[in-house]
Structures are given as C-alpha cells and as structure tokens.
file coords04.cif (mmCIF, C-alpha atoms)
data_start
loop_
_atom_site.group_PDB
_atom_site.id
_atom_site.type_symbol
_atom_site.label_atom_id
_atom_site.label_comp_id
_atom_site.auth_asym_id
_atom_site.auth_seq_id
_atom_site.Cartn_x
_atom_site.Cartn_y
_atom_site.Cartn_z
ATOM 1 C CA MET A 1 13.517 19.251 -56.807
ATOM 2 C CA ARG A 2 13.972 22.648 -55.140
ATOM 3 C CA ILE A 3 10.838 22.101 -53.049
ATOM 4 C CA ALA A 4 12.083 18.662 -51.985
ATOM 5 C CA ALA A 5 15.355 20.281 -50.847
ATOM 6 C CA ILE A 6 13.404 22.922 -48.902
ATOM 7 C CA LEU A 7 11.314 20.239 -47.219
ATOM 8 C CA GLY A 8 14.505 18.348 -46.360
ATOM 9 C CA LEU A 9 15.875 21.504 -44.731
ATOM 10 C CA VAL A 10 12.636 22.010 -42.787
ATOM 11 C CA PHE A 11 12.741 18.411 -41.483
ATOM 12 C CA PHE A 12 16.422 18.877 -40.517
ATOM 13 C CA LEU A 13 15.696 22.097 -38.631
ATOM 14 C CA MET A 14 12.870 20.370 -36.763
ATOM 15 C CA SER A 15 15.389 18.078 -35.141
ATOM 16 C CA CYS A 16 17.692 20.875 -33.942
ATOM 17 C CA SER A 17 15.955 22.518 -30.988
ATOM 18 C CA THR A 18 12.682 22.727 -29.117
ATOM 19 C CA LEU A 19 10.684 25.366 -27.263
ATOM 20 C CA ASN A 20 8.485 24.808 -24.236
ATOM 21 C CA VAL A 21 4.911 25.897 -24.944
ATOM 22 C CA SER A 22 1.620 24.106 -24.609
ATOM 23 C CA GLY A 23 -1.640 23.976 -26.455
ATOM 24 C CA LYS A 24 -4.996 23.979 -24.690
ATOM 25 C CA MET A 25 -7.071 20.909 -23.969
ATOM 26 C CA ASP A 26 -10.738 21.745 -23.481
ATOM 27 C CA PHE A 27 -12.342 18.686 -21.897
ATOM 28 C CA LYS A 28 -15.819 20.264 -21.860
ATOM 29 C CA ASN A 29 -15.816 20.683 -25.663
ATOM 30 C CA GLU A 30 -13.413 17.746 -26.161
ATOM 31 C CA THR A 31 -10.945 19.748 -28.262
ATOM 32 C CA TYR A 32 -7.237 20.571 -28.444
ATOM 33 C CA THR A 33 -6.114 24.010 -29.674
ATOM 34 C CA SER A 34 -2.512 24.489 -30.798
ATOM 35 C CA PRO A 35 -0.219 26.823 -28.780
ATOM 36 C CA ASN A 36 -0.451 29.716 -31.272
ATOM 37 C CA ASN A 37 -4.147 29.112 -31.999
ATOM 38 C CA GLU A 38 -3.324 27.968 -35.539
ATOM 39 C CA PHE A 39 -5.538 24.865 -35.494
ATOM 40 C CA ILE A 40 -8.081 23.002 -33.427
ATOM 41 C CA VAL A 41 -8.909 19.293 -33.438
ATOM 42 C CA ASP A 42 -11.301 17.096 -31.514
ATOM 43 C CA LEU A 43 -9.623 14.984 -28.871
ATOM 44 C CA PRO A 44 -9.098 11.482 -30.227
ATOM 45 C CA ALA A 45 -11.314 8.726 -28.856
ATOM 46 C CA LEU A 46 -9.087 7.824 -25.913
ATOM 47 C CA ILE A 47 -9.883 7.031 -22.300
ATOM 48 C CA HIS A 48 -8.722 10.047 -20.239
ATOM 49 C CA PRO A 49 -6.737 11.621 -23.108
ATOM 50 C CA ASN A 50 -3.673 13.714 -22.508
ATOM 51 C CA ALA A 51 -1.459 15.621 -24.924
ATOM 52 C CA LYS A 52 2.210 16.468 -25.085
ATOM 53 C CA ASP A 53 3.213 19.092 -27.588
ATOM 54 C CA THR A 54 6.727 19.955 -28.622
ATOM 55 C CA VAL A 55 7.513 23.052 -30.648
ATOM 56 C CA TYR A 56 10.505 23.083 -32.953
ATOM 57 C CA PRO A 57 11.540 26.159 -34.985
ATOM 58 C CA ASN A 58 9.399 25.068 -37.978
ATOM 59 C CA GLN A 59 7.156 22.376 -36.544
ATOM 60 C CA LEU A 60 4.656 21.627 -33.818
ATOM 61 C CA PHE A 61 4.460 17.967 -32.821
ATOM 62 C CA VAL A 62 1.467 16.859 -30.731
ATOM 63 C CA ASP A 63 1.218 13.386 -29.237
ATOM 64 C CA PHE A 64 -2.142 12.320 -27.760
ATOM 65 C CA PHE A 65 -1.931 9.475 -25.264
ATOM 66 C CA ILE A 66 -3.612 7.768 -22.316
ATOM 67 C CA GLY A 67 -0.496 7.198 -20.243
ATOM 68 C CA SER A 68 3.225 7.496 -20.656
ATOM 69 C CA GLY A 69 4.361 4.844 -23.107
ATOM 70 C CA TYR A 70 0.945 3.152 -23.052
ATOM 71 C CA TRP A 71 -0.359 3.361 -26.608
ATOM 72 C CA THR A 72 -1.285 -0.128 -27.776
ATOM 73 C CA PRO A 73 -4.930 -0.500 -26.637
ATOM 74 C CA GLN A 74 -6.214 2.602 -28.442
ATOM 75 C CA GLY A 75 -3.440 3.596 -30.790
ATOM 76 C CA LEU A 76 -0.855 6.335 -30.976
ATOM 77 C CA HIS A 77 -2.395 9.596 -32.240
ATOM 78 C CA THR A 78 -0.125 12.390 -33.486
ATOM 79 C CA ILE A 79 -0.330 15.653 -35.379
ATOM 80 C CA GLU A 80 2.685 17.296 -36.975
ATOM 81 C CA TRP A 81 2.152 20.889 -38.123
ATOM 82 C CA VAL A 82 5.061 21.887 -40.362
ATOM 83 C CA THR A 83 5.768 25.476 -41.457
ATOM 84 C CA LEU A 84 7.201 25.781 -44.963
ATOM 85 C CA PRO A 85 9.607 28.580 -45.953
ATOM 86 C CA LYS A 86 7.041 29.840 -48.486
ATOM 87 C CA GLU A 87 3.597 29.015 -49.822
ATOM 88 C CA MET A 88 3.247 25.905 -51.948
ATOM 89 C CA THR A 89 0.721 25.560 -54.762
ATOM 90 C CA THR A 90 -1.432 22.470 -55.181
ATOM 91 C CA GLU A 91 0.555 21.604 -58.306
ATOM 92 C CA GLN A 92 3.861 21.872 -56.430
ATOM 93 C CA PHE A 93 2.422 19.783 -53.601
ATOM 94 C CA GLN A 94 1.306 17.048 -55.996
ATOM 95 C CA LYS A 95 4.726 17.065 -57.666
ATOM 96 C CA VAL A 96 6.705 16.589 -54.434
ATOM 97 C CA LEU A 97 4.138 14.359 -52.715
ATOM 98 C CA PRO A 98 6.041 11.126 -53.510
ATOM 99 C CA ASP A 99 9.139 12.623 -51.838
ATOM 100 C CA ILE A 100 7.110 13.830 -48.841
ATOM 101 C CA VAL A 101 5.502 10.406 -48.315
ATOM 102 C CA ASN A 102 8.828 8.605 -48.759
ATOM 103 C CA GLU A 103 10.752 10.900 -46.409
ATOM 104 C CA HIS A 104 8.017 10.999 -43.773
ATOM 105 C CA SER A 105 7.435 7.234 -43.813
ATOM 106 C CA GLN A 106 11.170 6.532 -43.494
ATOM 107 C CA LYS A 107 12.067 9.153 -40.869
ATOM 108 C CA ARG A 108 8.997 9.613 -38.642
ATOM 109 C CA PHE A 109 9.549 6.487 -36.546
ATOM 110 C CA SER A 110 13.209 5.819 -37.394
ATOM 111 C CA SER A 111 14.256 5.615 -33.729
ATOM 112 C CA THR A 112 11.261 3.594 -32.500
ATOM 113 C CA GLY A 113 10.151 1.489 -35.441
ATOM 114 C CA GLN A 114 10.090 0.890 -39.140
ATOM 115 C CA PHE A 115 7.233 1.100 -41.639
ATOM 116 C CA ASN A 116 6.718 0.440 -45.344
ATOM 117 C CA VAL A 117 3.903 2.128 -47.251
ATOM 118 C CA ILE A 118 1.477 -0.512 -48.597
ATOM 119 C CA GLU A 119 -1.264 1.724 -50.014
ATOM 120 C CA GLN A 120 -1.770 5.418 -50.723
ATOM 121 C CA ARG A 121 -4.079 7.758 -52.586
ATOM 122 C CA ASN A 122 -4.906 11.397 -53.166
ATOM 123 C CA LEU A 123 -8.121 12.526 -51.529
ATOM 124 C CA PRO A 124 -10.762 14.353 -53.621
ATOM 125 C CA ASP A 125 -9.655 17.917 -52.740
ATOM 126 C CA SER A 126 -6.118 17.412 -54.246
ATOM 127 C CA THR A 127 -4.465 19.113 -51.254
ATOM 128 C CA SER A 128 -4.826 15.964 -49.155
ATOM 129 C CA HIS A 129 -3.198 12.562 -49.404
ATOM 130 C CA LYS A 130 -3.580 9.433 -47.293
ATOM 131 C CA PHE A 131 -1.304 6.445 -46.862
ATOM 132 C CA LEU A 132 -1.235 3.187 -44.956
ATOM 133 C CA ALA A 133 2.006 1.573 -43.817
ATOM 134 C CA LYS A 134 2.787 -1.708 -42.143
ATOM 135 C CA GLY A 135 5.704 -2.429 -39.824
ATOM 136 C CA THR A 136 6.650 -2.166 -36.170
ATOM 137 C CA TYR A 137 6.482 0.504 -33.486
ATOM 138 C CA GLN A 138 8.313 -0.163 -30.205
ATOM 139 C CA ASN A 139 8.757 -3.794 -31.322
ATOM 140 C CA VAL A 140 4.988 -4.272 -31.771
ATOM 141 C CA ALA A 141 3.681 -5.308 -35.212
ATOM 142 C CA SER A 142 1.566 -2.327 -36.278
ATOM 143 C CA THR A 143 -0.201 -0.417 -39.006
ATOM 144 C CA TRP A 144 0.208 3.312 -39.468
ATOM 145 C CA ILE A 145 -2.344 5.473 -41.216
ATOM 146 C CA CYS A 146 -1.466 9.069 -42.073
ATOM 147 C CA THR A 147 -3.273 11.923 -43.794
ATOM 148 C CA ILE A 148 -1.157 14.743 -45.236
ATOM 149 C CA LYS A 149 -2.890 18.091 -45.812
ATOM 150 C CA LEU A 150 -1.502 21.220 -47.460
ATOM 151 C CA TYR A 151 -2.513 24.626 -46.089
ATOM 152 C CA LYS A 152 -0.573 27.061 -48.328
ATOM 153 C CA SER A 153 2.579 27.503 -46.190
ATOM 154 C CA ARG A 154 1.836 24.676 -43.735
ATOM 155 C CA ILE A 155 1.531 20.915 -43.974
ATOM 156 C CA ALA A 156 -0.376 18.837 -41.441
ATOM 157 C CA PHE A 157 0.479 15.168 -40.872
ATOM 158 C CA ILE A 158 -2.412 13.594 -38.939
ATOM 159 C CA SER A 159 -1.631 10.001 -38.045
ATOM 160 C CA LYS A 160 -2.492 7.023 -35.944
ATOM 161 C CA VAL A 161 -0.534 3.840 -35.242
ATOM 162 C CA LEU A 162 -2.442 0.726 -34.232
ATOM 163 C CA PRO A 163 -1.114 -2.665 -33.209
ATOM 164 C CA LEU A 164 -1.919 -5.454 -35.656
ATOM 165 C CA GLU A 165 -3.406 -7.360 -32.720
ATOM 166 C CA ASN A 166 -6.314 -4.899 -32.682
ATOM 167 C CA PRO A 167 -9.696 -6.689 -32.788
ATOM 168 C CA LYS A 168 -9.925 -5.792 -36.496
ATOM 169 C CA PRO A 169 -6.518 -5.022 -37.999
ATOM 170 C CA ILE A 170 -6.385 -2.353 -40.700
ATOM 171 C CA THR A 171 -5.013 -3.757 -43.941
ATOM 172 C CA LYS A 172 -6.593 -1.371 -46.495
ATOM 173 C CA LEU A 173 -7.266 2.371 -46.494
ATOM 174 C CA ASP A 174 -11.036 1.890 -46.767
ATOM 175 C CA GLU A 175 -11.381 -0.406 -43.757
ATOM 176 C CA ASN A 176 -12.647 0.667 -40.356
ATOM 177 C CA THR A 177 -9.921 2.828 -38.861
ATOM 178 C CA ASP A 178 -11.177 2.920 -35.282
ATOM 179 C CA GLY A 179 -12.433 6.535 -35.357
ATOM 180 C CA TYR A 180 -9.458 7.828 -37.360
ATOM 181 C CA SER A 181 -11.493 9.348 -40.219
ATOM 182 C CA GLN A 182 -13.710 11.318 -37.828
ATOM 183 C CA TRP A 183 -10.637 12.594 -35.996
ATOM 184 C CA VAL A 184 -8.998 13.783 -39.238
ATOM 185 C CA GLU A 185 -12.217 15.473 -40.344
ATOM 186 C CA SER A 186 -12.308 17.381 -37.042
ATOM 187 C CA PHE A 187 -8.944 19.079 -37.806
ATOM 188 C CA ARG A 188 -9.603 22.769 -38.572
ATOM 189 C CA VAL A 189 -7.223 25.630 -39.275
ATOM 190 C CA LEU A 190 -8.185 28.772 -37.352
#
call {"tool": "encode", "arguments": {"input": "coords04.cif", "output": "structure tokens"}}
result
Amino acid sequence: MRIAAILGLVFFLMSCSTLNVSGKMDFKNETYTSPNNEFIVDLPALIHPNAKDTVYPNQLFVDFFIGSGYWTPQGLHTIEWVTLPKEMTTEQFQKVLPDIVNEHSQKRFSSTGQFNVIEQRNLPDSTSHKFLAKGTYQNVASTWICTIKLYKSRIAFISKVLPLENPKPITKLDENTDGYSQWVESFRVL
C-alpha cells in the first residue's frame, strides 16, 4: 500500500506546476528525444507529426499530433514518463499494478473523456503491462490502448486513442493496432 500512496503523491504533484522545455524532433531519422535525453522514440505514423511536451516536477508528458485538436483520423499518441521517489522492484511493480492501471485509466482523460478497461495482460518481460479501454474522448466513441513499462525509478505510459469509427476498430489487445506495437517497441531509454 505504501507504494500506491507514493504513486498517488507523484500523480498529485504532476498536476501542480509545469516547466517550459522541449524535446527534439529529428525528422531525418524520424525520432523524438526527450528534453533531458532520457529516452528516444520513433515518431508515430502521422502525417506531418508534431509534438508538444510538458514537464511537471515528476513527469514528462508528450503529445504527438497532426494539428491542434485534430486527432481522430490517425489517433492520439502520448507518452508519459513518470519519475518515482525511489526505485521499484519488479515484484513491487506487479503488486501495485492493479492500482496503477485503475488510477491511470480513471484519471488520465478525466477532463476530456471516460474509459473503462476491457482487457489487460502482463507482457513476457514482467516489467511491462498492456491494457485496452473503451469509452469516449472529446465526445467521440473511442478505444484506448496503453503499455506501462517499469524502468527502475521511472514508469513509461505509452498510449494511443483511436476513434471506434476507424476502418477496423480495436476490440481486443491482439488485433491490429494501426502501428501501435511498432511505436511502443521503438521506445528506448538512453
């Protein structure tokens, strides 16, 4: 329970204040590097991608988009890079994972939508977990797929929201996720 309380404090502090810094988008190599060079990820498969990053005291939030407020054709791609107060073991991570998924799925889009987790599973390396949620984002019926990865004292939330009106809606974790799996696999800690 102590770890759940710590995570609650981290999520609270994230909402308190922001700093103005920017990561680097390298269009030649099609990558984004975080402001403090902590991670790199391939740019998501978007037409003319752009990124907006916001740094909170214990979190970096990166939103990849094709135009302000224009997310429905290709999805909403985000990365949240959360700094924990101390390192977390795999066992601790597995123990608090239900709380992390519940809190993240309830609070992440609380001002712009609502989602309910419909499927989830641990990935083979035991420091990664993936879930699928169904609901609405900006009043559009949507699915939300999110991968949570533990990196000792950091947690990455790599997610994508897609409208249900997509040519092939995602209803199970194993279905085609419109390039999502390749994007998650491109995430590397430096």
call {"tool": "closest_residue", "arguments": {"input": "coords04.cif", "among": "A:Thr90, A:Gln114, A:Asn37, A:Ser128", "to": "Glu185 (chain A)", "atoms": "only C-alpha atoms"}}
result
A:Ser128
call {"tool": "closest_atom_pairs", "arguments": {"input": "coords04.cif", "of": "region 111-189 of chain A", "to": "region 40-49 of chain A", "cutoff": "7 Å", "atoms": "only C-alpha atoms", "output": "CSV"}}
result
residue,atom,partner,partner_atom,distance
A:Gly179,CA,A:Ala45,CA,7.0
A:Trp183,CA,A:Pro44,CA,6.1
A:Ser186,CA,A:Val41,CA,5.3
A:Phe187,CA,A:Val41,CA,4.4
A:Arg188,CA,A:Ile40,CA,5.4
A:Val189,CA,A:Ile40,CA,6.5
call {"tool": "closest_atom_pairs", "arguments": {"input": "coords04.cif", "of": "region 74-111 of chain A", "to": "region 146-162 of chain A", "cutoff": "6 Å", "atoms": "all atoms listed in the file", "output": "JSON lines"}}
result
{"residue": "A:Gly75", "atom": "CA", "partner": "A:Leu162", "partner_atom": "CA", "distance": 4.6}
{"residue": "A:Leu76", "atom": "CA", "partner": "A:Val161", "partner_atom": "CA", "distance": 5.0}
{"residue": "A:His77", "atom": "CA", "partner": "A:Lys160", "partner_atom": "CA", "distance": 4.5}
{"residue": "A:Thr78", "atom": "CA", "partner": "A:Ser159", "partner_atom": "CA", "distance": 5.4}
{"residue": "A:Ile79", "atom": "CA", "partner": "A:Ile158", "partner_atom": "CA", "distance": 4.6}
{"residue": "A:Glu80", "atom": "CA", "partner": "A:Phe157", "partner_atom": "CA", "distance": 5.0}
{"residue": "A:Trp81", "atom": "CA", "partner": "A:Ala156", "partner_atom": "CA", "distance": 4.6}
{"residue": "A:Val82", "atom": "CA", "partner": "A:Ile155", "partner_atom": "CA", "distance": 5.1}
{"residue": "A:Thr83", "atom": "CA", "partner": "A:Arg154", "partner_atom": "CA", "distance": 4.6}
{"residue": "A:Leu84", "atom": "CA", "partner": "A:Ser153", "partner_atom": "CA", "distance": 5.1}
{"residue": "A:Lys86", "atom": "CA", "partner": "A:Ser153", "partner_atom": "CA", "distance": 5.5}
{"residue": "A:Glu87", "atom": "CA", "partner": "A:Ser153", "partner_atom": "CA", "distance": 4.1}
{"residue": "A:Met88", "atom": "CA", "partner": "A:Lys152", "partner_atom": "CA", "distance": 5.4}
call {"tool": "resolve_selection", "arguments": {"input": "coords04.cif", "expression": "the PyMOL selection byres ((chain A and resi 143) around 9)", "output": "compact mmCIF listing (two decimals) with C-alpha atoms, in the frame of the given file"}}
result
# COMPACT_ATOMS: atom_id res chain seq x y z
CA PHE A 115 7.23 1.10 -41.64
CA LEU A 132 -1.24 3.19 -44.96
CA ALA A 133 2.01 1.57 -43.82
CA LYS A 134 2.79 -1.71 -42.14
CA GLY A 135 5.70 -2.43 -39.82
CA THR A 136 6.65 -2.17 -36.17
CA TYR A 137 6.48 0.50 -33.49
CA ALA A 141 3.68 -5.31 -35.21
CA SER A 142 1.57 -2.33 -36.28
CA TRP A 144 0.21 3.31 -39.47
CA ILE A 145 -2.34 5.47 -41.22
CA LYS A 160 -2.49 7.02 -35.94
CA VAL A 161 -0.53 3.84 -35.24
CA LEU A 162 -2.44 0.73 -34.23
CA PRO A 163 -1.11 -2.66 -33.21
CA LEU A 164 -1.92 -5.45 -35.66
CA PRO A 169 -6.52 -5.02 -38.00
CA ILE A 170 -6.38 -2.35 -40.70
CA THR A 171 -5.01 -3.76 -43.94
call {"tool": "atom_distance", "arguments": {"input": "coords04.cif", "atom1": "CA of Met25 (chain A)", "atom2": "CA of Ala51 (chain A)"}}
result
7.8 Å
